[in-house]
file coords.csv (CSV, C-alpha atoms)
chain,number,residue,atom,x,y,z
Y,129,MET,CA,91.9,108.3,110.9
Y,130,SER,CA,92.4,111.5,109.0
Y,131,ARG,CA,93.4,114.5,111.2
Y,132,ILE,CA,91.6,116.9,109.0
Y,133,GLY,CA,88.6,114.6,108.6
Y,134,LYS,CA,88.1,114.0,112.3
Y,135,ARG,CA,88.4,117.6,113.5
Y,136,GLU,CA,85.3,119.1,114.9
Y,137,LEU,CA,84.2,122.4,113.3
Y,138,VAL,CA,82.8,124.9,115.8
Y,139,ILE,CA,79.9,126.9,114.4
Y,140,PRO,CA,80.4,130.6,115.2
Y,141,GLN,CA,77.7,133.0,116.5
Y,142,GLY,CA,75.4,134.2,113.7
Y,143,VAL,CA,76.1,131.2,111.4
Y,144,THR,CA,73.6,128.5,110.6
Y,145,VAL,CA,74.4,125.2,109.0
Y,146,THR,CA,71.7,123.2,107.3
Y,147,ILE,CA,72.1,119.6,106.2
Y,148,ASP,CA,69.6,118.3,103.7
Y,149,ASN,CA,70.2,114.9,102.0
Y,150,ASN,CA,73.5,115.5,100.2
Y,151,THR,CA,73.6,119.3,100.4
Y,152,VAL,CA,75.3,121.3,103.2
Y,153,THR,CA,74.3,125.0,103.3
Y,154,VAL,CA,76.1,127.6,105.4
Y,155,LYS,CA,74.5,131.0,106.0
Y,156,GLY,CA,76.3,133.8,107.7
Y,157,PRO,CA,76.6,137.6,107.9
Y,158,LYS,CA,78.4,137.9,104.6
Y,159,GLY,CA,76.3,135.5,102.5
Y,160,GLU,CA,75.3,131.9,101.8
Y,161,LEU,CA,77.3,129.0,100.4
Y,162,ASN,CA,76.4,125.4,99.7
Y,163,ILE,CA,78.1,122.2,98.5
Y,164,GLU,CA,77.0,118.7,97.4
Y,165,LYS,CA,78.6,116.3,99.9
Y,166,PRO,CA,79.7,112.8,98.8
Y,167,SER,CA,77.0,110.2,99.6
Y,168,VAL,CA,79.5,108.0,101.5
Y,169,ILE,CA,80.4,110.7,104.0
Y,170,THR,CA,77.9,111.6,106.8
Y,171,VAL,CA,77.8,115.1,108.2
Y,172,GLU,CA,76.2,115.7,111.6
Y,173,GLU,CA,75.5,118.8,113.7
Y,174,VAL,CA,76.0,118.0,117.4
Y,175,GLU,CA,75.9,120.7,120.1
Y,176,GLY,CA,77.1,123.6,117.9
Y,177,LYS,CA,79.8,121.5,116.1
Y,178,ILE,CA,79.9,119.9,112.7
Y,179,ILE,CA,81.3,116.4,112.6
Y,180,THR,CA,82.1,114.4,109.4
Y,181,LYS,CA,82.2,110.6,109.6
Y,182,ARG,CA,83.1,107.8,107.1
Y,183,PRO,CA,81.8,104.3,107.1
Y,184,ASN,CA,85.0,102.4,106.0
Y,185,ASP,CA,88.7,102.7,105.3
Y,186,VAL,CA,88.6,102.5,101.5
Y,187,LYS,CA,91.2,104.9,100.1
Y,188,THR,CA,88.7,107.1,98.1
Y,189,THR,CA,86.4,107.3,101.2
Y,190,LYS,CA,89.4,108.4,103.3
Y,191,GLN,CA,90.3,111.1,100.7
Y,192,LEU,CA,86.7,112.4,100.6
Y,193,HIS,CA,86.5,112.5,104.4
Y,194,GLY,CA,89.2,115.1,104.8
Y,195,THR,CA,88.2,117.0,101.7
Y,196,THR,CA,84.6,117.3,102.8
Y,197,ASN,CA,85.6,118.6,106.3
Y,198,ALA,CA,88.0,121.1,104.7
Y,199,LEU,CA,85.3,122.4,102.3
Y,200,ILE,CA,82.8,122.9,105.1
Y,201,HIS,CA,85.5,124.7,107.2
Y,202,ASN,CA,86.2,127.0,104.2
Y,203,MET,CA,82.5,127.8,103.9
Y,204,ILE,CA,82.2,128.7,107.6
Y,205,VAL,CA,85.3,131.0,107.4
Y,206,GLY,CA,84.0,132.5,104.1
Y,207,VAL,CA,80.6,133.5,105.4
Y,208,THR,CA,82.1,135.0,108.6
Y,209,ASP,CA,85.4,136.7,107.6
Y,210,GLY,CA,85.6,136.2,103.8
Y,211,TYR,CA,88.7,135.6,101.7
Y,212,LYS,CA,91.2,138.1,100.2
Y,213,LYS,CA,94.1,137.8,97.7
Y,214,ASP,CA,96.4,140.7,97.0
Y,215,LEU,CA,98.3,141.0,93.7
Y,216,GLU,CA,101.1,143.3,92.7
Y,217,ALA,CA,102.5,144.2,89.3
Y,218,VAL,CA,106.3,144.5,89.2
Y,219,GLY,CA,107.9,146.1,86.1
Y,220,VAL,CA,108.2,149.4,84.2
Y,221,GLY,CA,104.7,150.4,83.0
Y,222,TYR,CA,103.0,147.4,84.6
Y,223,ARG,CA,99.8,148.6,86.3
Y,224,PHE,CA,96.2,147.8,87.1
Y,225,GLN,CA,93.0,149.9,86.6
Y,226,VAL,CA,89.7,148.8,88.1
Y,227,GLN,CA,86.7,150.2,86.2
Y,228,GLY,CA,83.4,148.9,87.6
Y,229,ASN,CA,83.5,145.1,87.2
Y,230,LYS,CA,86.5,145.1,84.9
Y,231,ILE,CA,90.2,145.1,85.5
Y,232,ASN,CA,92.4,146.8,82.9
Y,233,ILE,CA,95.9,145.3,83.0
Y,234,ASN,CA,99.0,146.9,81.4
Y,235,ALA,CA,101.6,144.2,81.6
Y,236,GLY,CA,104.1,144.9,78.8
Y,237,TYR,CA,102.0,143.8,75.9
Y,238,SER,CA,101.2,146.0,72.9
Y,239,HIS,CA,97.6,146.1,74.1
Y,240,PRO,CA,95.9,146.3,77.5
Y,241,VAL,CA,94.4,143.0,78.8
Y,242,ILE,CA,90.8,143.4,80.1
Y,243,ILE,CA,89.4,140.9,82.6
Y,244,GLU,CA,85.9,140.9,83.9
Y,245,VAL,CA,85.4,140.3,87.6
Y,246,PRO,CA,83.0,137.3,88.2
Y,247,ALA,CA,79.7,137.9,90.1
Y,248,GLY,CA,80.2,137.5,93.8
Y,249,LEU,CA,83.8,138.7,93.8
Y,250,LYS,CA,85.1,142.2,94.4
Y,251,ALA,CA,88.2,143.8,92.9
Y,252,GLU,CA,89.6,146.8,94.7
Y,253,GLN,CA,92.5,149.0,93.5
Y,254,ILE,CA,95.0,149.8,96.3
Y,255,SER,CA,97.4,151.7,94.1
Y,256,ASN,CA,98.5,151.6,90.4
Y,257,THR,CA,100.5,148.5,91.0
Y,258,GLU,CA,98.4,146.7,93.7
Y,259,ILE,CA,95.0,145.1,93.6
Y,260,SER,CA,92.9,143.2,96.1
Y,261,ILE,CA,90.4,140.5,95.2
Y,262,SER,CA,87.9,139.5,97.9
Y,263,GLY,CA,84.8,137.3,98.3
Y,264,ILE,CA,83.2,134.6,100.4
Y,265,ASP,CA,84.1,131.6,98.3
Y,266,LYS,CA,87.8,130.6,98.8
Y,267,GLN,CA,87.9,128.5,95.6
Y,268,ARG,CA,86.5,131.3,93.4
Y,269,VAL,CA,88.7,134.0,94.9
Y,270,THR,CA,92.0,132.1,94.5
Y,271,GLU,CA,91.0,130.8,91.0
Y,272,PHE,CA,90.3,134.4,89.8
Y,273,ALA,CA,93.5,135.7,91.4
Y,274,ALA,CA,95.4,132.9,89.6
Y,275,ASN,CA,93.8,133.9,86.3
Y,276,VAL,CA,94.9,137.5,86.8
Y,277,ARG,CA,98.4,136.4,87.7
Y,278,SER,CA,98.6,134.2,84.6
Y,279,VAL,CA,98.3,137.3,82.4
Y,280,ARG,CA,102.0,137.8,83.0
Y,281,GLU,CA,103.6,135.4,85.5
Y,282,PRO,CA,106.8,136.6,87.2
Y,283,GLU,CA,109.9,135.7,85.2
Y,284,PRO,CA,113.1,134.6,87.0
Y,285,TYR,CA,115.7,136.9,85.4
Y,286,LYS,CA,114.4,140.4,86.1
Y,287,GLY,CA,111.5,139.4,88.4
Y,288,LYS,CA,108.9,141.3,86.2
Y,289,GLY,CA,105.3,140.2,86.1
Y,290,ILE,CA,102.2,139.9,88.3
Y,291,ARG,CA,102.7,138.2,91.6
Y,292,TYR,CA,100.9,137.6,94.8
Y,293,LYS,CA,101.7,140.0,97.5
Y,294,GLY,CA,104.7,138.6,99.5
Y,295,GLU,CA,105.4,135.9,96.9
Y,296,TYR,CA,109.1,135.0,96.6
Y,297,VAL,CA,110.3,134.8,93.0
Y,298,ARG,CA,113.5,132.8,92.7
Y,299,ARG,CA,116.0,134.8,90.6
Y,300,LYS,CA,118.5,133.4,88.1
Y,301,GLU,CA,121.9,134.8,87.2
Y,302,GLY,CA,121.7,134.9,83.4
Y,303,LYS,CA,124.4,134.7,80.7
Y,304,LYS,CA,126.9,137.1,82.3
Y,305,ALA,CA,127.4,134.9,85.4
Y,306,ALA,CA,128.2,131.8,83.2
Y,307,LYS,CA,131.5,133.3,81.9

call {"tool": "encode", "arguments": {"input": "coords.csv", "output": "structure tokens"}}
result
Amino acid sequence: MSRIGKRELVIPQGVTVTIDNNTVTVKGPKGELNIEKPSVITVEEVEGKIITKRPNDVKTTKQLHGTTNALIHNMIVGVTDGYKKDLEAVGVGYRFQVQGNKININAGYSHPVIIEVPAGLKAEQISNTEISISGIDKQRVTEFAANVRSVREPEPYKGKGIRYKGEYVRRKEGKKAAK
């Protein structure tokens, strides 16, 4: 049995989980999230815990078992604590500017790159070179952070670019070291 699939998810105080047909809805202090669960997986609420079960050991059913459990766990964490991704710009003249629901990025191009923050997410400027993206949906937060990072990914020679806070960028020597 899958370790992730068979774990029991404890429902925290102030969170309600509703299971209707193939929809699982989680409501909490920060908001509400819902997913369509696969029809082969059964989700039950027993004594303040969420349990996911599968009927057989077919490979695809096993994969969906763990995935469904992890998605429900992410929803519970999202509506209680939320998710946050920090990004930093490294390089001369690289900077962020948050203006309402838009992020203005100067990343070494001849023009600034303007990205609109999706509804349900919040972008907060910590400093000129640091930005924080937060929200309740883990998938949307990390996907938007990856889109901002893809404006100018860190390069291995000088290390310039937009990276996640604390991300390690492997550096290369370059032509001088080859001689």

call {"tool": "residues_around", "arguments": {"input": "coords.csv", "residues": "region 149-157 of chain Y", "least_positions_apart": "3", "cutoff": "12 Å", "atoms": "only C-alpha atoms", "output": "ChimeraX atom specification"}}
result
/Y:139-146,160-173,178,180,196-197,199-210,264-265

call {"tool": "closest_atom_pairs", "arguments": {"input": "coords.csv", "of": "region 134-236 of chain Y", "to": "region 280-298 of chain Y", "cutoff": "6 Å", "atoms": "only C-alpha atoms", "output": "Markdown table"}}
result
| residue | atom | partner | partner_atom | distance |
| --- | --- | --- | --- | --- |
| Y:Asp214 | CA | Y:Lys293 | CA | 5.4 |
| Y:Leu215 | CA | Y:Tyr292 | CA | 4.4 |
| Y:Glu216 | CA | Y:Arg291 | CA | 5.5 |
| Y:Ala217 | CA | Y:Ile290 | CA | 4.4 |
| Y:Val218 | CA | Y:Lys288 | CA | 5.1 |
| Y:Gly219 | CA | Y:Lys288 | CA | 4.9 |

call {"tool": "write_last_selection", "arguments": {"input": "coords.csv", "atoms": "C-alpha atoms", "output": "PDB file, keeping the file's coordinate frame"}}
result
ATOM      1  CA  ASP Y 214      96.400 140.700  97.000  1.00  0.00           C
ATOM      2  CA  LEU Y 215      98.300 141.000  93.700  1.00  0.00           C
ATOM      3  CA  GLU Y 216     101.100 143.300  92.700  1.00  0.00           C
ATOM      4  CA  ALA Y 217     102.500 144.200  89.300  1.00  0.00           C
ATOM      5  CA  VAL Y 218     106.300 144.500  89.200  1.00  0.00           C
ATOM      6  CA  GLY Y 219     107.900 146.100  86.100  1.00  0.00           C
TER       7      GLY Y 219
END

call {"tool": "atom_distance", "arguments": {"input": "coords.csv", "atom1": "CA of Gln227 (chain Y)", "atom2": "CA of Ile261 (chain Y)"}}
result
13.7 Å

call {"tool": "closest_residue", "arguments": {"input": "coords.csv", "among": "Y:Ile179, Y:Leu249, Y:Val241, Y:Gly194", "to": "Arg277 (chain Y)", "atoms": "only C-alpha atoms"}}
result
Y:Val241

call {"tool": "closest_residue", "arguments": {"input": "coords.csv", "among": "Y:Thr195, Y:Asn256, Y:Thr189, Y:Asn184", "to": "Tyr222 (chain Y)", "atoms": "all atoms listed in the file"}}
result
Y:Asn256

call {"tool": "atom_distance", "arguments": {"input": "coords.csv", "atom1": "CA of Gly228 (chain Y)", "atom2": "CA of Ile254 (chain Y)"}}
result
14.5 Å

call {"tool": "closest_residue", "arguments": {"input": "coords.csv", "among": "Y:Arg299, Y:His239, Y:Arg268, Y:His193", "to": "Gly133 (chain Y)", "atoms": "all atoms listed in the file"}}
result
Y:His193

call {"tool": "closest_residue", "arguments": {"input": "coords.csv", "among": "Y:Asn229, Y:Asn234, Y:Thr188, Y:Ser278", "to": "Glu252 (chain Y)", "atoms": "all atoms listed in the file"}}
result
Y:Asn229

call {"tool": "atom_distance", "arguments": {"input": "coords.csv", "atom1": "CA of Lys212 (chain Y)", "atom2": "CA of Lys158 (chain Y)"}}
result
13.5 Å

call {"tool": "decode", "arguments": {"input": "coords.csv", "residues": "region 236-285 of chain Y", "atoms": "N, CA and C atoms", "output": "tab-separated table (two decimals), in the first residue's frame"}}
result
chain	number	residue	atom	x	y	z
Y	236	GLY	N	17.43	42.85	-17.29
Y	236	GLY	CA	18.50	42.90	-18.28
Y	236	GLY	C	18.04	42.99	-19.72
Y	237	TYR	N	16.74	43.06	-19.97
Y	237	TYR	CA	16.24	43.23	-21.33
Y	237	TYR	C	16.19	44.72	-21.65
Y	238	SER	N	15.96	45.03	-22.91
Y	238	SER	CA	15.86	46.43	-23.32
Y	238	SER	C	14.53	47.05	-22.90
Y	239	HIS	N	13.64	46.24	-22.38
Y	239	HIS	CA	12.32	46.70	-21.96
Y	239	HIS	C	11.94	46.02	-20.66
Y	240	PRO	N	11.09	46.65	-19.85
Y	240	PRO	CA	10.61	45.95	-18.64
Y	240	PRO	C	9.57	44.90	-19.01
Y	241	VAL	N	9.54	43.82	-18.25
Y	241	VAL	CA	8.56	42.76	-18.45
Y	241	VAL	C	7.47	42.95	-17.41
Y	242	ILE	N	6.22	43.04	-17.86
Y	242	ILE	CA	5.10	43.25	-16.95
Y	242	ILE	C	4.25	41.98	-16.90
Y	243	ILE	N	4.07	41.45	-15.69
Y	243	ILE	CA	3.29	40.24	-15.49
Y	243	ILE	C	2.12	40.57	-14.57
Y	244	GLU	N	0.93	40.13	-14.94
Y	244	GLU	CA	-0.25	40.37	-14.12
Y	244	GLU	C	-0.41	39.23	-13.11
Y	245	VAL	N	-0.67	39.59	-11.87
Y	245	VAL	CA	-0.85	38.60	-10.80
Y	245	VAL	C	-2.26	38.02	-10.93
Y	246	PRO	N	-2.40	36.69	-11.01
Y	246	PRO	CA	-3.73	36.07	-11.13
Y	246	PRO	C	-4.60	36.34	-9.89
Y	247	ALA	N	-5.91	36.27	-10.10
Y	247	ALA	CA	-6.84	36.46	-8.99
Y	247	ALA	C	-6.64	35.34	-7.96
Y	248	GLY	N	-6.70	35.68	-6.70
Y	248	GLY	CA	-6.53	34.70	-5.64
Y	248	GLY	C	-5.10	34.62	-5.13
Y	249	LEU	N	-4.16	35.26	-5.83
Y	249	LEU	CA	-2.76	35.29	-5.39
Y	249	LEU	C	-2.41	36.71	-5.00
Y	250	LYS	N	-1.37	36.83	-4.18
Y	250	LYS	CA	-0.94	38.14	-3.70
Y	250	LYS	C	0.56	38.25	-3.88
Y	251	ALA	N	1.01	39.33	-4.52
Y	251	ALA	CA	2.44	39.60	-4.68
Y	251	ALA	C	2.81	40.76	-3.77
Y	252	GLU	N	3.88	40.56	-3.00
Y	252	GLU	CA	4.30	41.57	-2.04
Y	252	GLU	C	5.78	41.85	-2.25
Y	253	GLN	N	6.12	43.12	-2.35
Y	253	GLN	CA	7.51	43.50	-2.57
Y	253	GLN	C	8.20	43.66	-1.23
Y	254	ILE	N	9.27	42.88	-1.02
Y	254	ILE	CA	10.02	42.95	0.22
Y	254	ILE	C	11.10	44.02	0.10
Y	255	SER	N	11.81	44.00	-1.02
Y	255	SER	CA	12.79	45.04	-1.35
Y	255	SER	C	12.82	45.16	-2.87
Y	256	ASN	N	13.76	45.96	-3.40
Y	256	ASN	CA	13.86	46.11	-4.85
Y	256	ASN	C	14.16	44.79	-5.55
Y	257	THR	N	14.89	43.91	-4.87
Y	257	THR	CA	15.33	42.67	-5.50
Y	257	THR	C	14.63	41.44	-4.95
Y	258	GLU	N	13.68	41.61	-4.05
Y	258	GLU	CA	12.99	40.47	-3.46
Y	258	GLU	C	11.48	40.66	-3.55
Y	259	ILE	N	10.79	39.54	-3.83
Y	259	ILE	CA	9.34	39.55	-3.95
Y	259	ILE	C	8.79	38.28	-3.32
Y	260	SER	N	7.59	38.36	-2.77
Y	260	SER	CA	6.95	37.21	-2.14
Y	260	SER	C	5.58	36.99	-2.78
Y	261	ILE	N	5.32	35.76	-3.19
Y	261	ILE	CA	4.04	35.40	-3.80
Y	261	ILE	C	3.33	34.46	-2.83
Y	262	SER	N	2.08	34.78	-2.49
Y	262	SER	CA	1.36	33.96	-1.52
Y	262	SER	C	-0.08	33.74	-1.97
Y	263	GLY	N	-0.66	32.66	-1.44
Y	263	GLY	CA	-2.04	32.30	-1.74
Y	263	GLY	C	-2.41	31.02	-1.03
Y	264	ILE	N	-3.64	30.53	-1.25
Y	264	ILE	CA	-4.08	29.32	-0.56
Y	264	ILE	C	-3.93	28.07	-1.41
Y	265	ASP	N	-3.79	28.22	-2.73
Y	265	ASP	CA	-3.69	27.07	-3.63
Y	265	ASP	C	-2.22	26.83	-3.98
Y	266	LYS	N	-1.66	25.73	-3.50
Y	266	LYS	CA	-0.24	25.45	-3.69
Y	266	LYS	C	0.14	25.39	-5.16
Y	267	GLN	N	-0.67	24.76	-5.97
Y	267	GLN	CA	-0.36	24.61	-7.39
Y	267	GLN	C	-0.30	25.97	-8.08
Y	268	ARG	N	-1.26	26.85	-7.80
Y	268	ARG	CA	-1.27	28.16	-8.45
Y	268	ARG	C	-0.12	29.04	-7.99
Y	269	VAL	N	0.22	28.98	-6.69
Y	269	VAL	CA	1.32	29.79	-6.16
Y	269	VAL	C	2.64	29.37	-6.80
Y	270	THR	N	2.92	28.06	-6.82
Y	270	THR	CA	4.19	27.60	-7.36
Y	270	THR	C	4.26	27.77	-8.88
Y	271	GLU	N	3.13	27.62	-9.57
Y	271	GLU	CA	3.13	27.81	-11.02
Y	271	GLU	C	3.40	29.27	-11.37
Y	272	PHE	N	2.79	30.21	-10.65
Y	272	PHE	CA	3.02	31.62	-10.94
Y	272	PHE	C	4.46	32.01	-10.60
Y	273	ALA	N	4.98	31.47	-9.48
Y	273	ALA	CA	6.38	31.75	-9.12
Y	273	ALA	C	7.32	31.22	-10.21
Y	274	ALA	N	7.01	30.06	-10.78
Y	274	ALA	CA	7.84	29.51	-11.86
Y	274	ALA	C	7.75	30.37	-13.11
Y	275	ASN	N	6.57	30.95	-13.39
Y	275	ASN	CA	6.42	31.84	-14.54
Y	275	ASN	C	7.23	33.11	-14.36
Y	276	VAL	N	7.26	33.66	-13.15
Y	276	VAL	CA	8.07	34.86	-12.88
Y	276	VAL	C	9.55	34.51	-13.02
Y	277	ARG	N	9.95	33.35	-12.50
Y	277	ARG	CA	11.35	32.91	-12.58
Y	277	ARG	C	11.77	32.70	-14.03
Y	278	SER	N	10.84	32.25	-14.89
Y	278	SER	CA	11.18	31.95	-16.27
Y	278	SER	C	11.43	33.22	-17.11
Y	279	VAL	N	11.14	34.40	-16.57
Y	279	VAL	CA	11.46	35.64	-17.27
Y	279	VAL	C	12.97	35.70	-17.53
Y	280	ARG	N	13.77	35.35	-16.53
Y	280	ARG	CA	15.23	35.28	-16.69
Y	280	ARG	C	15.75	34.28	-15.68
Y	281	GLU	N	15.87	33.02	-16.12
Y	281	GLU	CA	16.36	31.97	-15.22
Y	281	GLU	C	17.83	32.21	-14.89
Y	282	PRO	N	18.28	31.75	-13.72
Y	282	PRO	CA	19.68	31.97	-13.34
Y	282	PRO	C	20.63	31.23	-14.30
Y	283	GLU	N	21.68	31.93	-14.71
Y	283	GLU	CA	22.64	31.30	-15.62
Y	283	GLU	C	23.85	30.84	-14.82
Y	284	PRO	N	24.56	29.80	-15.30
Y	284	PRO	CA	25.59	29.16	-14.49
Y	284	PRO	C	26.95	29.87	-14.46
Y	285	TYR	N	27.18	30.87	-15.30
Y	285	TYR	CA	28.51	31.48	-15.35
Y	285	TYR	C	28.67	32.63	-14.38
